[in-house]
file entry33.cif (mmCIF, C-alpha atoms and all ligand atoms)
data_data
#
loop_
_atom_site.label_atom_id
_atom_site.label_comp_id
_atom_site.auth_asym_id
_atom_site.auth_seq_id
_atom_site.Cartn_x
_atom_site.Cartn_y
_atom_site.Cartn_z
CA MET A 1 99.08 91.25 73.08
CA THR A 2 98.78 94.41 75.11
CA ARG A 3 95.33 95.06 76.48
CA ILE A 4 94.15 98.66 76.39
CA ILE A 5 92.21 99.38 79.57
CA ASP A 6 89.17 101.31 78.40
CA GLY A 7 88.14 103.75 81.12
CA ASN A 8 85.37 105.25 79.00
CA SER A 9 83.51 101.95 78.62
CA LEU A 10 83.85 100.95 82.27
CA ALA A 11 82.78 104.43 83.40
CA ALA A 12 79.66 104.11 81.23
CA ILE A 13 78.81 100.82 82.98
CA VAL A 14 79.29 102.45 86.40
CA ARG A 15 77.03 105.35 85.38
CA GLU A 16 74.32 102.97 84.15
CA GLN A 17 74.27 101.23 87.53
CA ALA A 18 74.30 104.58 89.33
CA ALA A 19 71.37 105.84 87.25
CA ILE A 20 69.25 102.91 88.46
CA GLN A 21 70.18 103.64 92.10
CA VAL A 22 69.41 107.34 91.65
CA GLN A 23 65.96 106.48 90.31
CA GLU A 24 65.25 103.99 93.10
CA PHE A 25 66.35 106.53 95.71
CA GLU A 26 64.01 109.10 94.22
CA GLN A 27 61.09 106.67 94.20
CA GLN A 28 61.71 105.61 97.80
CA THR A 29 62.42 109.01 99.34
CA GLY A 30 60.89 111.55 96.97
CA THR A 31 64.29 113.25 96.98
CA THR A 32 66.67 113.84 94.10
CA ILE A 33 70.30 113.11 94.89
CA GLY A 34 72.25 116.38 94.91
CA LEU A 35 75.91 117.31 94.47
CA ALA A 36 77.19 120.82 95.21
CA VAL A 37 80.06 121.84 92.93
CA VAL A 38 82.28 124.70 94.06
CA LEU A 39 84.66 126.27 91.57
CA VAL A 40 86.68 129.33 92.61
CA GLY A 41 88.45 131.44 89.99
CA ASP A 42 88.80 130.90 86.29
CA ASP A 43 91.43 128.20 85.82
CA PRO A 44 90.47 126.85 82.37
CA ALA A 45 91.47 123.24 83.13
CA SER A 46 89.39 123.21 86.32
CA ALA A 47 86.44 124.66 84.40
CA VAL A 48 86.67 121.78 81.91
CA TYR A 49 86.88 119.13 84.66
CA VAL A 50 83.89 120.64 86.47
CA ARG A 51 81.84 120.77 83.29
CA MET A 52 82.53 117.09 82.62
CA LYS A 53 81.69 116.12 86.20
CA GLU A 54 78.40 118.03 86.00
CA SER A 55 77.58 116.42 82.68
CA ASP A 56 78.18 112.93 84.16
CA CYS A 57 75.89 113.80 87.07
CA ALA A 58 73.17 115.05 84.72
CA GLN A 59 73.41 111.80 82.77
CA VAL A 60 72.60 109.67 85.83
CA GLY A 61 69.98 112.03 87.24
CA ILE A 62 72.03 113.64 90.01
CA ARG A 63 71.12 117.29 90.47
CA THR A 64 74.10 119.64 90.68
CA PHE A 65 74.18 122.90 92.59
CA ASP A 66 76.69 125.06 90.80
CA HIS A 67 78.71 127.57 92.86
CA ARG A 68 81.08 129.51 90.59
CA LEU A 69 82.90 132.11 92.62
CA PRO A 70 85.33 134.86 91.63
CA ALA A 71 89.05 134.33 92.21
CA ASP A 72 89.08 136.95 94.97
CA THR A 73 86.48 135.14 97.10
CA SER A 74 87.67 135.31 100.68
CA GLN A 75 88.43 132.35 102.91
CA ALA A 76 85.59 133.41 105.24
CA GLU A 77 83.07 133.51 102.36
CA LEU A 78 84.14 130.05 101.25
CA LEU A 79 83.87 128.66 104.76
CA ASP A 80 80.38 130.17 105.06
CA LEU A 81 79.37 128.49 101.80
CA ILE A 82 80.66 125.11 103.00
CA ASP A 83 78.70 125.56 106.25
CA CYS A 84 75.50 126.25 104.24
CA LEU A 85 76.07 123.21 102.02
CA ASN A 86 76.78 121.02 105.06
CA ALA A 87 73.43 122.10 106.52
CA ASP A 88 71.44 121.69 103.28
CA SER A 89 69.59 118.36 103.20
CA ALA A 90 69.21 118.58 99.39
CA VAL A 91 73.01 118.40 99.11
CA HIS A 92 74.34 114.87 99.58
CA GLY A 93 77.85 115.55 98.36
CA ILE A 94 80.19 118.55 98.22
CA LEU A 95 82.92 118.90 95.63
CA VAL A 96 85.41 121.75 95.94
CA GLN A 97 87.48 121.74 92.77
CA LEU A 98 91.20 122.01 93.47
CA PRO A 99 93.48 123.86 93.22
CA LEU A 100 91.96 126.84 95.00
CA PRO A 101 93.49 130.31 94.42
CA ASP A 102 96.73 130.89 96.34
CA HIS A 103 95.21 133.11 99.02
CA CYS A 104 92.85 130.30 100.12
CA ASP A 105 93.80 127.81 102.79
CA GLU A 106 92.85 124.59 101.03
CA GLU A 107 93.38 122.46 104.13
CA GLU A 108 90.94 124.54 106.17
CA ILE A 109 88.31 124.48 103.41
CA ILE A 110 88.51 120.72 102.91
CA ALA A 111 88.47 120.12 106.67
CA ARG A 112 85.21 122.08 106.90
CA ILE A 113 83.33 119.61 104.65
CA LEU A 114 81.29 117.13 106.67
CA PRO A 115 82.92 113.71 106.21
CA GLU A 116 79.57 112.19 105.20
CA LYS A 117 79.37 114.71 102.30
CA ASP A 118 83.06 114.43 101.36
CA VAL A 119 82.46 112.65 98.04
CA ASP A 120 86.02 113.41 96.87
CA GLY A 121 87.36 111.47 99.85
CA PHE A 122 89.82 114.25 100.70
CA THR A 123 89.10 114.96 104.38
CA ALA A 124 91.28 113.70 107.20
CA THR A 125 88.37 111.51 108.29
CA SER A 126 88.02 109.85 104.87
CA LEU A 127 91.78 109.33 104.57
CA GLY A 128 91.97 108.07 108.17
CA LEU A 129 89.21 105.55 107.49
CA THR A 130 91.15 104.46 104.39
CA ILE A 131 94.25 103.87 106.49
CA ARG A 132 92.23 101.94 109.05
CA GLY A 133 90.48 99.93 106.34
CA GLN A 134 87.11 101.01 107.71
CA ASP A 135 83.93 101.89 105.92
CA GLY A 136 84.06 105.39 104.47
CA ILE A 137 84.43 107.39 101.29
CA ARG A 138 87.53 106.59 99.25
CA ALA A 139 89.34 109.12 97.04
CA CYS A 140 87.92 108.95 93.52
CA THR A 141 91.03 108.48 91.39
CA PRO A 142 92.60 105.67 93.47
CA LEU A 143 89.20 104.01 93.76
CA GLY A 144 88.73 104.24 89.99
CA VAL A 145 92.13 102.63 89.43
CA MET A 146 91.22 99.74 91.76
CA ARG A 147 87.92 99.30 89.91
CA MET A 148 89.73 99.09 86.57
CA LEU A 149 92.19 96.50 87.89
CA ASP A 150 89.30 94.46 89.27
CA TYR A 151 87.18 94.70 86.11
CA TYR A 152 90.08 93.60 83.93
CA GLY A 153 90.79 90.64 86.23
CA ILE A 154 94.27 91.86 87.14
CA ASP A 155 95.68 90.02 90.17
CA ILE A 156 96.95 92.31 92.90
CA GLU A 157 97.57 89.96 95.79
CA GLY A 158 101.29 89.36 96.35
CA LYS A 159 102.23 91.52 93.37
CA HIS A 160 104.71 94.36 93.54
CA ALA A 161 102.86 97.61 92.93
CA VAL A 162 104.93 100.74 92.41
CA VAL A 163 103.17 104.09 92.77
CA VAL A 164 104.98 107.09 91.30
CA GLY A 165 103.79 110.21 93.13
CA ARG A 166 102.87 110.84 96.75
CA SER A 167 100.09 113.42 96.57
CA THR A 168 97.38 113.39 99.19
CA ILE A 169 94.66 113.03 96.56
CA VAL A 170 96.19 110.21 94.50
CA GLY A 171 99.58 108.70 95.39
CA LYS A 172 99.12 108.23 99.13
CA PRO A 173 95.54 106.85 99.06
CA GLN A 174 96.45 104.74 96.00
CA SER A 175 99.26 103.08 97.91
CA LEU A 176 96.87 102.37 100.80
CA LEU A 177 94.23 100.77 98.56
CA LEU A 178 96.84 98.60 96.86
CA LEU A 179 98.20 97.62 100.27
CA ALA A 180 94.69 96.74 101.43
CA ALA A 181 94.44 94.49 98.36
CA ASN A 182 97.60 92.69 99.59
CA ALA A 183 100.09 94.11 97.11
CA THR A 184 103.66 94.81 98.15
CA VAL A 185 103.77 98.56 97.64
CA THR A 186 106.62 100.95 96.87
CA VAL A 187 105.98 104.68 96.62
CA CYS A 188 108.35 106.76 94.49
CA HIS A 189 108.65 110.55 94.44
CA SER A 190 110.91 113.35 93.30
CA TYR A 191 113.69 112.30 95.71
CA THR A 192 113.68 108.65 94.62
CA GLN A 193 117.08 107.57 93.34
CA ASP A 194 117.22 105.70 90.04
CA LEU A 195 113.47 105.85 89.36
CA PRO A 196 113.68 103.54 86.29
CA SER A 197 115.25 100.71 88.28
CA VAL A 198 112.56 100.92 90.98
CA CYS A 199 109.78 101.08 88.36
CA ARG A 200 111.24 98.05 86.56
CA GLN A 201 110.42 95.98 89.64
CA ALA A 202 106.72 96.74 89.26
CA ASP A 203 104.13 94.15 88.29
CA ILE A 204 101.65 97.01 88.54
CA LEU A 205 102.91 100.54 87.91
CA VAL A 206 100.63 103.46 88.80
CA VAL A 207 102.00 106.81 87.69
CA ALA A 208 100.62 110.00 89.20
CA ALA A 209 103.56 112.37 89.02
CA GLY A 210 102.13 115.19 86.91
CA SER A 211 105.11 115.13 84.55
CA ALA A 212 104.50 114.48 80.85
CA LYS A 213 106.07 111.26 79.51
CA LEU A 214 108.14 110.79 82.68
CA ILE A 215 107.91 107.02 82.25
CA ASP A 216 109.36 105.41 79.13
CA LYS A 217 110.27 101.84 78.23
CA SER A 218 113.40 101.96 80.40
CA CYS A 219 111.03 101.92 83.42
CA ILE A 220 108.98 98.87 82.45
CA LYS A 221 109.30 95.18 83.25
CA CYS A 222 107.98 93.05 80.40
CA GLY A 223 104.34 92.16 81.10
CA ALA A 224 103.72 94.92 83.66
CA VAL A 225 100.31 96.55 84.04
CA VAL A 226 100.69 100.30 83.56
CA ILE A 227 98.14 102.79 84.88
CA ASP A 228 98.65 106.40 83.83
CA VAL A 229 96.96 108.96 86.07
CA GLY A 230 98.72 111.93 84.46
CA ILE A 231 96.86 114.63 82.57
CA ASN A 232 99.29 117.14 81.11
CA ARG A 233 98.46 119.72 78.50
CA GLY A 234 100.69 119.54 75.44
CA GLU A 235 100.50 121.36 72.13
CA ASP A 236 98.58 118.45 70.58
CA GLY A 237 96.17 117.93 73.48
CA LEU A 238 96.36 115.81 76.61
CA ILE A 239 99.51 113.83 77.39
CA GLY A 240 99.93 111.29 80.16
CA ASP A 241 102.84 110.74 82.53
CA VAL A 242 103.62 107.61 80.50
CA ASP A 243 105.12 107.64 77.02
CA PHE A 244 102.39 105.37 75.64
CA GLU A 245 104.06 104.57 72.31
CA SER A 246 107.28 103.40 73.91
CA VAL A 247 105.71 101.60 76.90
CA ALA A 248 102.63 99.87 75.41
CA PRO A 249 104.54 97.15 73.50
CA LEU A 250 106.17 95.96 76.76
CA ALA A 251 103.06 96.14 78.97
CA SER A 252 100.45 93.40 79.37
CA ALA A 253 97.81 96.10 79.93
CA ILE A 254 97.89 99.88 79.86
CA THR A 255 95.53 102.84 80.24
CA PRO A 256 95.43 105.48 77.51
CA VAL A 257 95.32 109.24 78.07
CA PRO A 258 92.69 110.46 77.50
CA GLY A 259 90.12 107.70 77.98
CA GLY A 260 91.73 105.80 80.84
CA VAL A 261 91.77 106.94 84.46
CA GLY A 262 90.04 110.33 83.88
CA PRO A 263 86.55 109.02 83.14
CA MET A 264 86.86 106.54 86.00
CA THR A 265 87.68 109.33 88.48
CA ARG A 266 84.46 111.03 87.45
CA ALA A 267 82.49 107.78 87.59
CA MET A 268 83.70 107.22 91.16
CA LEU A 269 82.56 110.74 92.07
CA VAL A 270 79.10 109.80 90.83
CA GLU A 271 79.22 106.52 92.75
CA ASN A 272 80.47 108.18 95.95
CA THR A 273 77.65 110.74 95.71
CA VAL A 274 75.05 108.00 95.34
CA GLN A 275 76.56 106.11 98.29
CA ALA A 276 76.57 109.28 100.42
CA ALA A 277 72.88 109.83 99.64
CA LEU A 278 71.96 106.21 100.36
CA LYS A 279 73.74 106.44 103.70
CA ALA A 280 72.06 109.76 104.57
CA GLY A 281 68.70 108.28 103.54
CA SER A 282 69.07 105.20 105.70
CA LEU A 283 70.27 107.27 108.67
CA ARG A 284 67.14 109.43 108.35
CA GLN A 285 64.95 106.32 108.28
CA ASN A 286 66.59 104.99 111.43
CA THR A 287 66.07 108.14 113.48
N1 LIG B 301 91.73 118.63 91.16
C1 LIG B 301 92.41 117.67 90.51
N2 LIG B 301 91.80 116.48 90.69
C2 LIG B 301 90.74 116.69 91.49
C3 LIG B 301 89.73 115.85 92.02
O1 LIG B 301 89.69 114.63 91.83
N3 LIG B 301 88.79 116.48 92.79
C4 LIG B 301 88.84 117.81 93.04
N4 LIG B 301 87.90 118.31 93.83
N5 LIG B 301 89.76 118.61 92.57
C5 LIG B 301 90.71 118.06 91.80
#
call {"tool": "encode", "arguments": {"input": "entry33.cif", "output": "structure tokens", "more": "lines below"}}
Ligand code: GUN
result
Amino acid sequence: MTRIIDGNSLAAIVREQAAIQVQEFEQQTGTTIGLAVVLVGDDPASAVYVRMKESDCAQVGIRTFDHRLPADTSQAELLDLIDCLNADSAVHGILVQLPLPDHCDEEEIIARILPEKDVDGFTATSLGLTIRGQDGIRACTPLGVMRMLDYYGIDIEGKHAVVVGRSTIVGKPQSLLLLAANATVTVCHSYTQDLPSVCRQADILVVAAGSAKLIDKSCIKCGAVVIDVGINRGEDGLIGDVDFESVAPLASAITPVPGGVGPMTRAMLVENTVQAALKAGSLRQNT
């Protein structure tokens, strides 16, 4: 029997726990936990993601500071905004929704976010701490995937994990987290030769390629765990990177799209924001 990994249910559990922590923080410090959300331009998909993230925050009692900026906002204006948010003690986390418009230098914007407010886990500091296995903020999607594997009791140690995709926000940090959990990790990308044969070696297959239905049953070893990070827009709604119908019968467990990784990414954003606030709160107490 194939288990369907239910990201919606697990995300709801994470939010319930976060809501308790938010309330405790408020009682102890008199401060509401705050997340600044920066959205530049009018990309409809980004607008939807941001709305869902803000709704999750509202549900747990995190206050959001909404910064919707026109597409022609200059790099200097954006950097100034980040500086203000870094300095604002009511803001515990900063989220800059990507992609930014073409004229913006994304690297420079992300680098400007204070690491302790980098609740997306995108800065060089956060990624460096991930590589070093040190305490720090982990990227939300890879962290959400690890949480799902853990919750569903899926063994990672000694298993062969294959990650399809090498982006800085998913594939690379995902491979590091799986490595830290003692998996043997292979990372595939657009230059990989014979992708199906590499994927067929996977006990755990994480697909974050951004290509609808890239992975079909020819890529699956019987009994593999399949995690689909893809969110592609098709005529009939959202489609994953995995052809669910063809793959599910072979897999021991699989995430659906929608309702798999997506809600967990958002739940980890909530959790990272709470953790950032707790850390800022305890630092303030100790000084
Ligand atoms: N764009 C696509 N995914 C993400 C994400 O997880 N965070 C941000 N900030 N932008 C994104």
call {"tool": "residues_near_ligand", "arguments": {"input": "entry33.cif", "ligand": "ligand LIG 301 (chain B)", "cutoff": "7 Å", "atoms": "all atoms listed in the file", "output": "list in words"}}
result
Leu95, Val96, Gln97, Leu98, Pro99, Asp120, Cys140, Thr141 and Thr265 of chain A
call {"tool": "write_last_selection", "arguments": {"input": "entry33.cif", "atoms": "C-alpha atoms", "output": "compact mmCIF listing (two decimals), keeping the file's coordinate frame"}}
result
# COMPACT_ATOMS: atom_id res chain seq x y z
CA LEU A 95 82.92 118.90 95.63
CA VAL A 96 85.41 121.75 95.94
CA GLN A 97 87.48 121.74 92.77
CA LEU A 98 91.20 122.01 93.47
CA PRO A 99 93.48 123.86 93.22
CA ASP A 120 86.02 113.41 96.87
CA CYS A 140 87.92 108.95 93.52
CA THR A 141 91.03 108.48 91.39
CA THR A 265 87.68 109.33 88.48
call {"tool": "closest_residue", "arguments": {"input": "entry33.cif", "among": "A:Lys172, A:His160, A:His189, A:Lys117", "to": "Ser89 (chain A)", "atoms": "all atoms listed in the file"}}
result
A:Lys117
call {"tool": "closest_residue", "arguments": {"input": "entry33.cif", "among": "A:Ala111, A:Val22, A:Met1, A:Val145", "to": "His92 (chain A)", "atoms": "all atoms listed in the file"}}
result
A:Val22
call {"tool": "residues_around", "arguments": {"input": "entry33.cif", "residues": "Leu176 (chain A)", "least_positions_apart": "3", "cutoff": "9 Å", "atoms": "all atoms listed in the file", "output": "short mmCIF file (atom, residue, chain, number, x, y, z; two decimals) with C-alpha atoms, keeping the file's coordinate frame"}}
result
data_model
loop_
_atom_site.label_atom_id
_atom_site.label_comp_id
_atom_site.auth_asym_id
_atom_site.auth_seq_id
_atom_site.Cartn_x
_atom_site.Cartn_y
_atom_site.Cartn_z
CA THR A 130 91.15 104.46 104.39
CA ILE A 131 94.25 103.87 106.49
CA GLY A 133 90.48 99.93 106.34
CA GLY A 171 99.58 108.70 95.39
CA LYS A 172 99.12 108.23 99.13
CA PRO A 173 95.54 106.85 99.06
CA LEU A 179 98.20 97.62 100.27
CA ALA A 180 94.69 96.74 101.43
CA ALA A 181 94.44 94.49 98.36
CA VAL A 185 103.77 98.56 97.64
#
call {"tool": "closest_residue", "arguments": {"input": "entry33.cif", "among": "A:Cys104, A:Ile254, A:Gly259, A:Ala280", "to": "Ala76 (chain A)", "atoms": "only C-alpha atoms"}}
result
A:Cys104
call {"tool": "closest_residue", "arguments": {"input": "entry33.cif", "among": "A:Gly223, A:Gly34, A:Pro101, A:Gly153", "to": "Glu54 (chain A)", "atoms": "all atoms listed in the file"}}
result
A:Gly34
call {"tool": "closest_residue", "arguments": {"input": "entry33.cif", "among": "A:Gly93, A:Gly30, A:Pro142, A:Gly234", "to": "Ala208 (chain A)", "atoms": "all atoms listed in the file"}}
result
A:Pro142
call {"tool": "atom_distance", "arguments": {"input": "entry33.cif", "atom1": "CA of Val207 (chain A)", "atom2": "CA of Arg166 (chain A)"}}
result
10.0 Å
call {"tool": "axis_aligned_box", "arguments": {"input": "entry33.cif", "around": "region 88-103 of chain A", "padding_each_side": "6 Å", "output": "AutoDock Vina command-line options"}}
result
--center_x 83.0 --center_y 124.0 --center_z 98.0 --size_x 39.5 --size_y 30.2 --size_z 22.5
call {"tool": "atom_distance", "arguments": {"input": "entry33.cif", "atom1": "CA of Gln75 (chain A)", "atom2": "CA of Arg112 (chain A)"}}
result
11.5 Å
call {"tool": "residues_around", "arguments": {"input": "entry33.cif", "residues": "Asp56 (chain A)", "least_positions_apart": "2", "cutoff": "12 Å", "atoms": "all atoms listed in the file", "output": "number ranges by chain"}}
result
A: 8, 11-12, 14-16, 18-19, 35, 49-54, 58-64, 263-271, 273
call {"tool": "atom_distance", "arguments": {"input": "entry33.cif", "atom1": "CA of Ala209 (chain A)", "atom2": "CA of His103 (chain A)"}}
result
24.5 Å
call {"tool": "residues_around", "arguments": {"input": "entry33.cif", "residues": "Gly260 (chain A)", "least_positions_apart": "2", "cutoff": "8 Å", "atoms": "all atoms listed in the file", "output": "ChimeraX atom specification"}}
result
/A:5-8,228,255-258,262-264
call {"tool": "residues_around", "arguments": {"input": "entry33.cif", "residues": "Asp42 (chain A)", "least_positions_apart": "2", "cutoff": "10 Å", "atoms": "all atoms listed in the file", "output": "list in words"}}
result
Leu39, Val40, Pro44, Ala45, Ser46, Ala47, Arg68, Leu69, Pro70, Ala71 and Pro101 of chain A
call {"tool": "build_atoms", "arguments": {"input": "entry33.cif", "residues": "region 261-272 of chain A", "atoms": "all heavy atoms", "output": "mmCIF file, keeping the file's coordinate frame"}}
result
data_model
loop_
_atom_site.group_PDB
_atom_site.id
_atom_site.type_symbol
_atom_site.label_atom_id
_atom_site.label_comp_id
_atom_site.auth_asym_id
_atom_site.auth_seq_id
_atom_site.Cartn_x
_atom_site.Cartn_y
_atom_site.Cartn_z
ATOM 1 N N VAL A 261 92.101 106.679 83.049
ATOM 2 C CA VAL A 261 91.770 106.940 84.460
ATOM 3 C C VAL A 261 90.762 108.101 84.598
ATOM 4 O O VAL A 261 89.880 108.063 85.463
ATOM 5 C CB VAL A 261 93.058 107.239 85.261
ATOM 6 C CG1 VAL A 261 92.728 107.660 86.687
ATOM 7 C CG2 VAL A 261 93.969 106.017 85.266
ATOM 8 N N GLY A 262 90.885 109.121 83.749
ATOM 9 C CA GLY A 262 90.040 110.330 83.880
ATOM 10 C C GLY A 262 88.558 110.031 84.000
ATOM 11 O O GLY A 262 87.905 110.453 84.971
ATOM 12 N N PRO A 263 87.982 109.308 83.034
ATOM 13 C CA PRO A 263 86.550 109.020 83.140
ATOM 14 C C PRO A 263 86.189 108.184 84.366
ATOM 15 O O PRO A 263 85.084 108.321 84.916
ATOM 16 C CB PRO A 263 86.238 108.231 81.858
ATOM 17 C CG PRO A 263 87.480 108.144 81.072
ATOM 18 C CD PRO A 263 88.570 108.873 81.773
ATOM 19 N N MET A 264 87.141 107.346 84.811
ATOM 20 C CA MET A 264 86.860 106.540 86.000
ATOM 21 C C MET A 264 86.851 107.384 87.274
ATOM 22 O O MET A 264 86.081 107.131 88.190
ATOM 23 C CB MET A 264 87.882 105.403 86.122
ATOM 24 C CG MET A 264 87.644 104.270 85.161
ATOM 25 S SD MET A 264 85.977 103.587 85.307
ATOM 26 C CE MET A 264 86.029 102.853 86.939
ATOM 27 N N THR A 265 87.706 108.405 87.327
ATOM 28 C CA THR A 265 87.680 109.330 88.480
ATOM 29 C C THR A 265 86.287 109.952 88.582
ATOM 30 O O THR A 265 85.685 110.009 89.660
ATOM 31 C CB THR A 265 88.737 110.441 88.301
ATOM 32 O OG1 THR A 265 90.037 109.852 88.317
ATOM 33 C CG2 THR A 265 88.634 111.488 89.394
ATOM 34 N N ARG A 266 85.766 110.373 87.441
ATOM 35 C CA ARG A 266 84.460 111.030 87.450
ATOM 36 C C ARG A 266 83.350 110.028 87.786
ATOM 37 O O ARG A 266 82.394 110.346 88.496
ATOM 38 C CB ARG A 266 84.180 111.713 86.106
ATOM 39 C CG ARG A 266 85.221 112.748 85.731
ATOM 40 C CD ARG A 266 84.707 113.698 84.674
ATOM 41 N NE ARG A 266 84.116 113.023 83.539
ATOM 42 C CZ ARG A 266 84.789 112.612 82.452
ATOM 43 N NH1 ARG A 266 86.094 112.820 82.358
ATOM 44 N NH2 ARG A 266 84.167 112.011 81.463
ATOM 45 N N ALA A 267 83.507 108.809 87.288
ATOM 46 C CA ALA A 267 82.490 107.780 87.590
ATOM 47 C C ALA A 267 82.461 107.471 89.081
ATOM 48 O O ALA A 267 81.399 107.228 89.663
ATOM 49 C CB ALA A 267 82.779 106.515 86.781
ATOM 50 N N MET A 268 83.652 107.491 89.720
ATOM 51 C CA MET A 268 83.700 107.220 91.160
ATOM 52 C C MET A 268 83.107 108.376 91.959
ATOM 53 O O MET A 268 82.545 108.169 93.033
ATOM 54 C CB MET A 268 85.141 106.931 91.607
ATOM 55 C CG MET A 268 85.728 105.657 91.044
ATOM 56 S SD MET A 268 84.796 104.145 91.459
ATOM 57 C CE MET A 268 83.928 103.826 89.965
ATOM 58 N N LEU A 269 83.209 109.595 91.416
ATOM 59 C CA LEU A 269 82.560 110.740 92.070
ATOM 60 C C LEU A 269 81.043 110.530 92.073
ATOM 61 O O LEU A 269 80.366 110.757 93.079
ATOM 62 C CB LEU A 269 82.917 112.036 91.348
ATOM 63 C CG LEU A 269 82.206 113.278 91.862
ATOM 64 C CD1 LEU A 269 82.715 113.668 93.246
ATOM 65 C CD2 LEU A 269 82.370 114.452 90.892
ATOM 66 N N VAL A 270 80.530 110.088 90.937
ATOM 67 C CA VAL A 270 79.100 109.800 90.830
ATOM 68 C C VAL A 270 78.722 108.706 91.840
ATOM 69 O O VAL A 270 77.755 108.837 92.608
ATOM 70 C CB VAL A 270 78.750 109.359 89.381
ATOM 71 C CG1 VAL A 270 77.414 108.668 89.321
ATOM 72 C CG2 VAL A 270 78.787 110.558 88.442
ATOM 73 N N GLU A 271 79.531 107.638 91.852
ATOM 74 C CA GLU A 271 79.220 106.520 92.750
ATOM 75 C C GLU A 271 79.312 106.948 94.221
ATOM 76 O O GLU A 271 78.454 106.603 95.034
ATOM 77 C CB GLU A 271 80.196 105.373 92.463
ATOM 78 C CG GLU A 271 79.699 104.048 92.998
ATOM 79 C CD GLU A 271 80.613 102.917 92.585
ATOM 80 O OE1 GLU A 271 80.405 102.371 91.495
ATOM 81 O OE2 GLU A 271 81.528 102.581 93.356
ATOM 82 N N ASN A 272 80.337 107.714 94.563
ATOM 83 C CA ASN A 272 80.470 108.180 95.950
ATOM 84 C C ASN A 272 79.286 109.063 96.349
ATOM 85 O O ASN A 272 78.825 109.021 97.495
ATOM 86 C CB ASN A 272 81.772 108.977 96.126
ATOM 87 C CG ASN A 272 82.991 108.079 96.277
ATOM 88 O OD1 ASN A 272 82.868 106.869 96.460
ATOM 89 N ND2 ASN A 272 84.175 108.674 96.191
#
